[in-house]
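Asks: Structure: coords19.txt, compact mmCIF, N, CA and C atoms.
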# COMPACT_ATOMS: atom_id res chain seq x y z
N MET A 83 118.90 109.51 186.78
CA MET A 83 120.13 109.08 187.39
C MET A 83 120.81 108.05 186.50
N THR A 84 122.06 108.26 186.20
CA THR A 84 122.81 107.35 185.37
C THR A 84 123.10 106.07 186.13
N GLN A 85 122.86 104.96 185.46
CA GLN A 85 123.18 103.68 186.08
C GLN A 85 124.50 103.18 185.53
N HIS A 86 125.19 102.44 186.35
CA HIS A 86 126.49 101.92 185.98
C HIS A 86 126.43 100.41 185.84
N VAL A 87 127.41 99.89 185.13
CA VAL A 87 127.50 98.44 184.91
C VAL A 87 127.50 97.71 186.24
N ARG A 88 128.19 98.24 187.24
CA ARG A 88 128.27 97.56 188.54
C ARG A 88 126.89 97.34 189.17
N ASP A 89 125.90 98.14 188.78
CA ASP A 89 124.56 98.02 189.35
C ASP A 89 123.81 96.79 188.86
N VAL A 90 124.21 96.24 187.72
CA VAL A 90 123.48 95.10 187.16
C VAL A 90 124.34 93.87 186.90
N MET A 91 125.65 94.01 186.95
CA MET A 91 126.53 92.89 186.61
C MET A 91 126.47 91.80 187.67
N THR A 92 126.86 90.62 187.26
CA THR A 92 127.08 89.53 188.20
C THR A 92 128.52 89.67 188.68
N ALA A 93 128.67 89.95 189.95
CA ALA A 93 130.01 90.13 190.52
C ALA A 93 130.64 88.77 190.80
N ASP A 94 131.94 88.76 190.94
CA ASP A 94 132.69 87.53 191.23
C ASP A 94 132.33 86.42 190.25
N PRO A 95 132.60 86.63 188.98
CA PRO A 95 132.24 85.62 187.99
C PRO A 95 133.03 84.33 188.18
N VAL A 96 132.46 83.26 187.72
CA VAL A 96 133.15 81.97 187.75
C VAL A 96 134.25 82.01 186.71
N THR A 97 135.45 81.60 187.12
CA THR A 97 136.59 81.59 186.21
C THR A 97 137.22 80.21 186.21
N VAL A 98 137.87 79.90 185.08
CA VAL A 98 138.63 78.65 184.95
C VAL A 98 139.94 78.97 184.25
N GLU A 99 140.91 78.10 184.42
CA GLU A 99 142.19 78.22 183.72
C GLU A 99 142.05 77.63 182.31
N PRO A 100 142.86 78.06 181.36
CA PRO A 100 142.76 77.59 179.97
C PRO A 100 142.90 76.07 179.81
N GLN A 101 143.64 75.41 180.69
CA GLN A 101 143.84 73.97 180.55
C GLN A 101 142.70 73.13 181.13
N THR A 102 141.67 73.77 181.66
CA THR A 102 140.51 73.05 182.19
C THR A 102 139.79 72.33 181.06
N SER A 103 139.37 71.11 181.30
CA SER A 103 138.71 70.33 180.25
C SER A 103 137.31 70.86 179.97
N VAL A 104 136.86 70.63 178.75
CA VAL A 104 135.51 71.01 178.35
C VAL A 104 134.48 70.33 179.26
N THR A 105 134.72 69.07 179.59
CA THR A 105 133.80 68.34 180.48
C THR A 105 133.69 69.03 181.84
N ALA A 106 134.83 69.42 182.40
CA ALA A 106 134.82 70.08 183.71
C ALA A 106 134.07 71.41 183.65
N VAL A 107 134.27 72.16 182.57
CA VAL A 107 133.58 73.45 182.43
C VAL A 107 132.08 73.23 182.28
N ALA A 108 131.68 72.23 181.50
CA ALA A 108 130.25 71.93 181.34
C ALA A 108 129.63 71.57 182.69
N ARG A 109 130.34 70.84 183.50
CA ARG A 109 129.82 70.48 184.83
C ARG A 109 129.70 71.71 185.73
N ILE A 110 130.67 72.60 185.64
CA ILE A 110 130.61 73.84 186.42
C ILE A 110 129.38 74.64 186.00
N MET A 111 129.16 74.76 184.70
CA MET A 111 127.99 75.50 184.20
C MET A 111 126.70 74.87 184.70
N ARG A 112 126.64 73.54 184.66
CA ARG A 112 125.45 72.84 185.15
C ARG A 112 125.25 73.10 186.64
N ASP A 113 126.29 72.90 187.42
CA ASP A 113 126.19 73.01 188.87
C ASP A 113 125.91 74.44 189.34
N GLU A 114 126.45 75.43 188.64
CA GLU A 114 126.25 76.83 188.99
C GLU A 114 125.05 77.45 188.29
N ASN A 115 124.45 76.69 187.38
CA ASN A 115 123.31 77.15 186.58
C ASN A 115 123.65 78.45 185.85
N ILE A 116 124.77 78.42 185.12
CA ILE A 116 125.23 79.57 184.35
C ILE A 116 125.50 79.15 182.92
N GLY A 117 125.53 80.13 182.03
CA GLY A 117 125.75 79.85 180.62
C GLY A 117 127.10 80.27 180.10
N ALA A 118 127.94 80.85 180.97
CA ALA A 118 129.27 81.30 180.54
C ALA A 118 130.20 81.38 181.73
N VAL A 119 131.47 81.13 181.45
CA VAL A 119 132.52 81.32 182.45
C VAL A 119 133.66 82.10 181.79
N LEU A 120 134.41 82.77 182.61
CA LEU A 120 135.56 83.52 182.10
C LEU A 120 136.81 82.64 182.20
N VAL A 121 137.65 82.74 181.20
CA VAL A 121 138.90 81.98 181.17
C VAL A 121 140.01 82.95 181.54
N THR A 122 140.75 82.62 182.60
CA THR A 122 141.80 83.51 183.09
C THR A 122 143.11 82.74 183.25
N GLU A 123 144.19 83.46 183.09
CA GLU A 123 145.52 82.95 183.42
C GLU A 123 146.02 83.84 184.54
N GLY A 124 146.07 83.30 185.74
CA GLY A 124 146.37 84.13 186.90
C GLY A 124 145.28 85.17 187.04
N ASP A 125 145.65 86.43 187.07
CA ASP A 125 144.67 87.51 187.16
C ASP A 125 144.25 88.05 185.80
N ARG A 126 144.87 87.57 184.74
CA ARG A 126 144.64 88.12 183.40
C ARG A 126 143.48 87.42 182.71
N LEU A 127 142.54 88.21 182.22
CA LEU A 127 141.42 87.68 181.46
C LEU A 127 141.92 87.23 180.09
N ARG A 128 141.65 85.98 179.76
CA ARG A 128 142.09 85.45 178.47
C ARG A 128 140.93 85.21 177.51
N GLY A 129 139.77 84.87 178.04
CA GLY A 129 138.65 84.58 177.15
C GLY A 129 137.36 84.39 177.90
N LEU A 130 136.33 84.08 177.15
CA LEU A 130 135.01 83.79 177.69
C LEU A 130 134.53 82.55 176.94
N VAL A 131 133.96 81.62 177.65
CA VAL A 131 133.40 80.43 177.01
C VAL A 131 131.94 80.28 177.44
N SER A 132 131.08 80.14 176.45
CA SER A 132 129.65 79.97 176.72
C SER A 132 129.28 78.51 176.48
N ASP A 133 128.08 78.15 176.90
CA ASP A 133 127.61 76.80 176.65
C ASP A 133 127.55 76.52 175.14
N ARG A 134 127.19 77.52 174.37
CA ARG A 134 127.17 77.36 172.92
C ARG A 134 128.57 77.14 172.36
N ASP A 135 129.55 77.88 172.89
CA ASP A 135 130.94 77.67 172.46
C ASP A 135 131.37 76.22 172.68
N LEU A 136 131.00 75.66 173.82
CA LEU A 136 131.37 74.27 174.10
C LEU A 136 130.81 73.33 173.05
N VAL A 137 129.58 73.56 172.66
CA VAL A 137 128.95 72.70 171.67
C VAL A 137 129.56 72.89 170.28
N VAL A 138 129.64 74.13 169.84
CA VAL A 138 130.07 74.43 168.47
C VAL A 138 131.57 74.23 168.28
N ARG A 139 132.37 74.65 169.24
CA ARG A 139 133.82 74.61 169.05
C ARG A 139 134.50 73.37 169.61
N ALA A 140 133.81 72.62 170.44
CA ALA A 140 134.45 71.44 171.03
C ALA A 140 133.70 70.16 170.68
N VAL A 141 132.48 70.03 171.11
CA VAL A 141 131.73 68.80 170.90
C VAL A 141 131.50 68.52 169.42
N ALA A 142 131.07 69.52 168.67
CA ALA A 142 130.77 69.32 167.25
C ALA A 142 132.02 68.98 166.44
N GLU A 143 133.18 69.31 166.94
CA GLU A 143 134.43 69.00 166.24
C GLU A 143 134.85 67.55 166.44
N GLY A 144 134.15 66.85 167.34
CA GLY A 144 134.40 65.42 167.51
C GLY A 144 135.52 65.06 168.47
N GLY A 145 136.10 66.05 169.12
CA GLY A 145 137.17 65.75 170.07
C GLY A 145 136.62 65.15 171.36
N ASP A 146 137.49 64.61 172.14
CA ASP A 146 137.13 64.05 173.44
C ASP A 146 136.97 65.19 174.42
N PRO A 147 135.74 65.45 174.91
CA PRO A 147 135.52 66.59 175.83
C PRO A 147 136.31 66.48 177.13
N GLY A 148 136.69 65.29 177.50
CA GLY A 148 137.50 65.11 178.70
C GLY A 148 138.95 65.49 178.48
N GLN A 149 139.38 65.47 177.22
CA GLN A 149 140.76 65.79 176.88
C GLN A 149 140.91 67.17 176.24
N THR A 150 139.83 67.67 175.62
CA THR A 150 139.87 68.98 174.97
C THR A 150 139.83 70.06 176.04
N THR A 151 140.71 71.04 175.93
CA THR A 151 140.74 72.10 176.94
C THR A 151 139.86 73.27 176.51
N VAL A 152 139.47 74.03 177.48
CA VAL A 152 138.61 75.18 177.24
C VAL A 152 139.34 76.24 176.40
N ALA A 153 140.67 76.22 176.40
CA ALA A 153 141.43 77.15 175.57
C ALA A 153 141.08 76.98 174.09
N ASN A 154 140.69 75.78 173.70
CA ASN A 154 140.31 75.50 172.31
C ASN A 154 138.88 75.88 172.00
N ALA A 155 138.11 76.23 172.99
CA ALA A 155 136.69 76.52 172.78
C ALA A 155 136.29 77.95 173.11
N CYS A 156 137.15 78.68 173.78
CA CYS A 156 136.75 80.01 174.26
C CYS A 156 136.91 81.09 173.19
N SER A 157 136.13 82.13 173.35
CA SER A 157 136.27 83.33 172.53
C SER A 157 137.39 84.15 173.15
N GLU A 158 138.40 84.47 172.34
CA GLU A 158 139.55 85.20 172.86
C GLU A 158 139.56 86.67 172.45
N ASP A 159 138.83 87.00 171.41
CA ASP A 159 138.78 88.38 170.92
C ASP A 159 137.65 89.10 171.66
N LEU A 160 137.93 89.47 172.89
CA LEU A 160 136.90 89.99 173.78
C LEU A 160 136.76 91.51 173.72
N VAL A 161 135.55 91.94 173.96
CA VAL A 161 135.29 93.34 174.27
C VAL A 161 134.90 93.36 175.73
N THR A 162 135.29 94.40 176.43
CA THR A 162 135.01 94.49 177.86
C THR A 162 134.46 95.86 178.21
N VAL A 163 133.90 95.95 179.38
CA VAL A 163 133.47 97.23 179.95
C VAL A 163 134.00 97.29 181.38
N GLY A 164 133.97 98.47 181.95
CA GLY A 164 134.39 98.66 183.33
C GLY A 164 133.19 98.77 184.25
N PRO A 165 133.36 98.50 185.51
CA PRO A 165 132.24 98.55 186.45
C PRO A 165 131.63 99.94 186.60
N ASP A 166 132.41 100.99 186.34
CA ASP A 166 131.90 102.36 186.48
C ASP A 166 131.39 102.94 185.16
N ASP A 167 131.43 102.13 184.09
CA ASP A 167 130.89 102.58 182.81
C ASP A 167 129.37 102.67 182.88
N ASP A 168 128.81 103.57 182.09
CA ASP A 168 127.35 103.70 182.01
C ASP A 168 126.76 102.45 181.38
N LEU A 169 125.56 102.10 181.79
CA LEU A 169 124.87 100.96 181.18
C LEU A 169 124.69 101.15 179.68
N ALA A 170 124.50 102.39 179.27
CA ALA A 170 124.34 102.66 177.84
C ALA A 170 125.55 102.19 177.05
N LEU A 171 126.74 102.28 177.63
CA LEU A 171 127.93 101.79 176.94
C LEU A 171 127.89 100.27 176.80
N ALA A 172 127.46 99.59 177.83
CA ALA A 172 127.35 98.13 177.75
C ALA A 172 126.38 97.72 176.66
N VAL A 173 125.25 98.40 176.57
CA VAL A 173 124.28 98.13 175.51
C VAL A 173 124.91 98.37 174.14
N HIS A 174 125.60 99.48 174.01
CA HIS A 174 126.25 99.82 172.75
C HIS A 174 127.29 98.75 172.35
N VAL A 175 128.09 98.32 173.29
CA VAL A 175 129.12 97.31 173.02
C VAL A 175 128.48 96.00 172.58
N MET A 176 127.43 95.58 173.28
CA MET A 176 126.75 94.34 172.90
C MET A 176 126.16 94.43 171.50
N ARG A 177 125.53 95.55 171.22
CA ARG A 177 124.91 95.75 169.91
C ARG A 177 125.97 95.79 168.81
N GLU A 178 127.00 96.58 169.03
CA GLU A 178 128.03 96.77 168.01
C GLU A 178 128.79 95.48 167.69
N HIS A 179 129.01 94.65 168.70
CA HIS A 179 129.81 93.44 168.53
C HIS A 179 128.96 92.17 168.47
N SER A 180 127.64 92.32 168.52
CA SER A 180 126.71 91.18 168.44
C SER A 180 127.05 90.11 169.48
N VAL A 181 127.19 90.53 170.73
CA VAL A 181 127.47 89.59 171.82
C VAL A 181 126.38 89.71 172.87
N ARG A 182 126.21 88.66 173.63
CA ARG A 182 125.18 88.61 174.66
C ARG A 182 125.72 88.76 176.07
N ARG A 183 127.04 88.59 176.17
CA ARG A 183 127.70 88.70 177.48
C ARG A 183 128.99 89.47 177.31
N VAL A 184 129.29 90.33 178.29
CA VAL A 184 130.52 91.12 178.23
C VAL A 184 131.21 91.03 179.59
N PRO A 185 132.48 90.64 179.60
CA PRO A 185 133.23 90.65 180.86
C PRO A 185 133.40 92.08 181.36
N VAL A 186 133.38 92.21 182.68
CA VAL A 186 133.60 93.50 183.33
C VAL A 186 134.97 93.43 183.99
N VAL A 187 135.84 94.37 183.63
CA VAL A 187 137.20 94.37 184.16
C VAL A 187 137.51 95.69 184.84
N ASP A 188 138.38 95.62 185.84
CA ASP A 188 138.82 96.84 186.51
C ASP A 188 139.99 97.43 185.72
N GLU A 189 140.58 98.47 186.25
CA GLU A 189 141.65 99.17 185.53
C GLU A 189 142.87 98.28 185.25
N GLY A 190 143.04 97.23 186.03
CA GLY A 190 144.16 96.32 185.82
C GLY A 190 143.80 95.13 184.95
N ASP A 191 142.68 95.21 184.25
CA ASP A 191 142.18 94.11 183.41
C ASP A 191 141.92 92.84 184.21
N HIS A 192 141.59 93.00 185.47
CA HIS A 192 141.22 91.89 186.34
C HIS A 192 139.70 91.74 186.23
N ALA A 193 139.24 90.54 185.94
CA ALA A 193 137.80 90.29 185.79
C ALA A 193 137.09 90.44 187.14
N VAL A 194 136.13 91.36 187.17
CA VAL A 194 135.38 91.60 188.40
C VAL A 194 133.90 91.28 188.25
N GLY A 195 133.48 90.94 187.03
CA GLY A 195 132.08 90.64 186.81
C GLY A 195 131.81 90.28 185.37
N ILE A 196 130.55 90.07 185.11
CA ILE A 196 130.08 89.81 183.76
C ILE A 196 128.67 90.40 183.66
N VAL A 197 128.39 91.05 182.55
CA VAL A 197 127.06 91.60 182.34
C VAL A 197 126.47 90.92 181.11
N ALA A 198 125.24 90.46 181.25
CA ALA A 198 124.57 89.72 180.19
C ALA A 198 123.37 90.51 179.69
N ILE A 199 122.96 90.17 178.49
CA ILE A 199 121.81 90.84 177.89
C ILE A 199 120.58 90.69 178.78
N GLY A 200 120.44 89.56 179.45
CA GLY A 200 119.32 89.36 180.36
C GLY A 200 119.35 90.31 181.55
N ASP A 201 120.56 90.60 182.05
CA ASP A 201 120.70 91.57 183.15
C ASP A 201 120.19 92.94 182.72
N LEU A 202 120.53 93.32 181.49
CA LEU A 202 120.09 94.62 180.98
C LEU A 202 118.59 94.64 180.75
N ALA A 203 118.04 93.53 180.28
CA ALA A 203 116.60 93.46 180.04
C ALA A 203 115.83 93.58 181.36
N ILE A 204 116.30 92.91 182.39
CA ILE A 204 115.64 92.99 183.70
C ILE A 204 115.64 94.42 184.20
N GLU A 205 116.76 95.11 184.02
CA GLU A 205 116.90 96.47 184.52
C GLU A 205 116.14 97.49 183.69
N ARG A 206 116.23 97.39 182.37
CA ARG A 206 115.69 98.42 181.49
C ARG A 206 114.26 98.15 181.03
N ASP A 207 113.87 96.89 180.89
CA ASP A 207 112.55 96.57 180.37
C ASP A 207 112.04 95.27 181.00
N PRO A 208 111.77 95.30 182.32
CA PRO A 208 111.42 94.07 183.03
C PRO A 208 110.13 93.41 182.54
N ASP A 209 109.26 94.16 181.86
CA ASP A 209 108.01 93.58 181.38
C ASP A 209 108.14 92.96 179.99
N SER A 210 109.32 93.09 179.37
CA SER A 210 109.54 92.47 178.06
C SER A 210 109.65 90.96 178.24
N ALA A 211 109.53 90.25 177.15
CA ALA A 211 109.64 88.79 177.21
C ALA A 211 111.02 88.39 177.76
N LEU A 212 112.09 89.03 177.26
CA LEU A 212 113.43 88.69 177.72
C LEU A 212 113.62 89.06 179.19
N GLY A 213 113.11 90.22 179.59
CA GLY A 213 113.20 90.62 180.99
C GLY A 213 112.46 89.66 181.91
N ASP A 214 111.29 89.25 181.48
CA ASP A 214 110.47 88.32 182.27
C ASP A 214 111.14 86.94 182.39
N ILE A 215 111.64 86.45 181.27
CA ILE A 215 112.31 85.15 181.26
C ILE A 215 113.59 85.21 182.08
N SER A 216 114.35 86.26 181.94
CA SER A 216 115.63 86.40 182.64
C SER A 216 115.44 86.52 184.15
N ALA A 217 114.33 87.07 184.58
CA ALA A 217 114.08 87.25 186.01
C ALA A 217 113.52 85.99 186.66
N ALA A 218 113.05 85.04 185.87
CA ALA A 218 112.43 83.83 186.41
C ALA A 218 113.46 82.95 187.11
N GLU A 219 113.04 82.28 188.15
CA GLU A 219 113.89 81.32 188.85
C GLU A 219 114.16 80.14 187.91
N PRO A 220 115.40 79.67 187.88
CA PRO A 220 115.71 78.55 186.99
C PRO A 220 115.10 77.25 187.48
N ASN A 221 114.74 76.39 186.53
CA ASN A 221 114.28 75.05 186.86
C ASN A 221 115.49 74.16 187.03
N ARG A 222 115.47 73.34 188.01
CA ARG A 222 116.61 72.41 188.23
C ARG A 222 116.17 71.02 188.15
Before we go any further, please render this structure as structure tokens.
Replies:
Amino acid sequence: MTQHVRDVMTADPVTVEPQTSVTAVARIMRDENIGAVLVTEGDRLRGLVSDRDLVVRAVAEGGDPGQTTVANACSEDLVTVGPDDDLALAVHVMREHSVRRVPVVDEGDHAVGIVAIGDLAIERDPDSALGDISAAEPNR
């Protein structure tokens, strides 16, 4: 049976507006225990920002995280998949573009989810190290 992205994605992803400060996004990531948020303008997906992006593109540049906006730290050249796409396509996209997270968008380019490499590992190879780690409850 073919599996679809919707079967493993995190639905209702956390989103922020581009003018949100890096500090605010870092707090959201901490409070929600997530490593990435989607950057949207209205209903339009504009980018994705990961915890690593915050460090490399904002903090390491020496700017004030309270004044630097997430628009300056997010990845804007995104690849996406649809919720009805086969999981094999999501794997292919991640491999081809060397990314660990892919936004899931509907036909109107409205963000409806996010699929991460850990989600795929849990589904396809739960006994692997990545599958095991990804399935573990987070420490708080």
Asks: Which residue gives the smallest distance to Leu136 of chain A among A:Val187, A:Ile110, A:Val90, A:Val104, with only N, CA and C atoms counted?
Replies: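 Among A:Val187, A:Ile110, A:Val90, A:Val104, it is A:Val104 that comes nearest to Leu136 of chain A.
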Asks: What is the atom CA of Arg183 of chain A to atom CA of Gly117 of chain A distance in Å?
Replies: 9.6 Å
Asks: What does the structure give for the distance between atom N of Val87 of chain A and atom CA of Ala193 of chain A, in Å to one decimal?
Replies: 14.2 Å
Asks: As a CSV table (one decimal) with N, CA and C atoms, in the coordinates of the input, please: all residues of chain A that backbone DSSP puts in strand (DSSP E or B).
Replies:
chain,number,residue,atom,x,y,z
A,86,HIS,N,125.2,102.4,186.4
A,86,HIS,CA,126.5,101.9,186.0
A,86,HIS,C,126.4,100.4,185.8
A,92,THR,N,126.9,90.6,187.3
A,92,THR,CA,127.1,89.5,188.2
A,92,THR,C,128.5,89.7,188.7
A,93,ALA,N,128.7,90.0,190.0
A,93,ALA,CA,130.0,90.1,190.5
A,93,ALA,C,130.6,88.8,190.8
A,97,THR,N,135.4,81.6,187.1
A,97,THR,CA,136.6,81.6,186.2
A,97,THR,C,137.2,80.2,186.2
A,98,VAL,N,137.9,79.9,185.1
A,98,VAL,CA,138.6,78.6,185.0
A,98,VAL,C,139.9,79.0,184.2
A,103,SER,N,139.4,71.1,181.3
A,103,SER,CA,138.7,70.3,180.2
A,103,SER,C,137.3,70.9,180.0
A,118,ALA,N,127.9,80.8,181.0
A,118,ALA,CA,129.3,81.3,180.5
A,118,ALA,C,130.2,81.4,181.7
A,119,VAL,N,131.5,81.1,181.4
A,119,VAL,CA,132.5,81.3,182.4
A,119,VAL,C,133.7,82.1,181.8
A,120,LEU,N,134.4,82.8,182.6
A,120,LEU,CA,135.6,83.5,182.1
A,120,LEU,C,136.8,82.6,182.2
A,121,VAL,N,137.6,82.7,181.2
A,121,VAL,CA,138.9,82.0,181.2
A,121,VAL,C,140.0,83.0,181.5
A,122,THR,N,140.8,82.6,182.6
A,122,THR,CA,141.8,83.5,183.1
A,122,THR,C,143.1,82.7,183.2
A,123,GLU,N,144.2,83.5,183.1
A,123,GLU,CA,145.5,83.0,183.4
A,123,GLU,C,146.0,83.8,184.5
A,126,ARG,N,144.9,87.6,184.7
A,126,ARG,CA,144.6,88.1,183.4
A,126,ARG,C,143.5,87.4,182.7
A,127,LEU,N,142.5,88.2,182.2
A,127,LEU,CA,141.4,87.7,181.5
A,127,LEU,C,141.9,87.2,180.1
A,128,ARG,N,141.6,86.0,179.8
A,128,ARG,CA,142.1,85.4,178.5
A,128,ARG,C,140.9,85.2,177.5
A,129,GLY,N,139.8,84.9,178.0
A,129,GLY,CA,138.6,84.6,177.2
A,129,GLY,C,137.4,84.4,177.9
A,130,LEU,N,136.3,84.1,177.2
A,130,LEU,CA,135.0,83.8,177.7
A,130,LEU,C,134.5,82.6,176.9
A,131,VAL,N,134.0,81.6,177.6
A,131,VAL,CA,133.4,80.4,177.0
A,131,VAL,C,131.9,80.3,177.4
A,132,SER,N,131.1,80.1,176.4
A,132,SER,CA,129.6,80.0,176.7
A,132,SER,C,129.3,78.5,176.5
A,151,THR,N,140.7,71.0,175.9
A,151,THR,CA,140.7,72.1,176.9
A,151,THR,C,139.9,73.3,176.5
A,157,SER,N,136.1,82.1,173.4
A,157,SER,CA,136.3,83.3,172.5
A,157,SER,C,137.4,84.2,173.2
A,163,VAL,N,133.9,96.0,179.4
A,163,VAL,CA,133.5,97.2,180.0
A,163,VAL,C,134.0,97.3,181.4
A,168,ASP,N,128.8,103.6,182.1
A,168,ASP,CA,127.4,103.7,182.0
A,168,ASP,C,126.8,102.4,181.4
A,183,ARG,N,127.0,88.6,176.2
A,183,ARG,CA,127.7,88.7,177.5
A,183,ARG,C,129.0,89.5,177.3
A,184,VAL,N,129.3,90.3,178.3
A,184,VAL,CA,130.5,91.1,178.2
A,184,VAL,C,131.2,91.0,179.6
A,185,PRO,N,132.5,90.6,179.6
A,185,PRO,CA,133.2,90.6,180.9
A,185,PRO,C,133.4,92.1,181.4
A,186,VAL,N,133.4,92.2,182.7
A,186,VAL,CA,133.6,93.5,183.3
A,186,VAL,C,135.0,93.4,184.0
A,187,VAL,N,135.8,94.4,183.6
A,187,VAL,CA,137.2,94.4,184.2
A,187,VAL,C,137.5,95.7,184.8
A,193,ALA,N,139.2,90.5,185.9
A,193,ALA,CA,137.8,90.3,185.8
A,193,ALA,C,137.1,90.4,187.1
A,194,VAL,N,136.1,91.4,187.2
A,194,VAL,CA,135.4,91.6,188.4
A,194,VAL,C,133.9,91.3,188.2
A,195,GLY,N,133.5,90.9,187.0
A,195,GLY,CA,132.1,90.6,186.8
A,195,GLY,C,131.8,90.3,185.4
A,196,ILE,N,130.6,90.1,185.1
A,196,ILE,CA,130.1,89.8,183.8
A,196,ILE,C,128.7,90.4,183.7
A,197,VAL,N,128.4,91.0,182.6
A,197,VAL,CA,127.1,91.6,182.3
A,197,VAL,C,126.5,90.9,181.1
A,198,ALA,N,125.2,90.5,181.2
A,198,ALA,CA,124.6,89.7,180.2
A,198,ALA,C,123.4,90.5,179.7
Asks: Quick one: distance from atom N of Thr150 of chain A to atom CA of Arg126 of chain A in Å, one decimal?
Replies: 22.4 Å
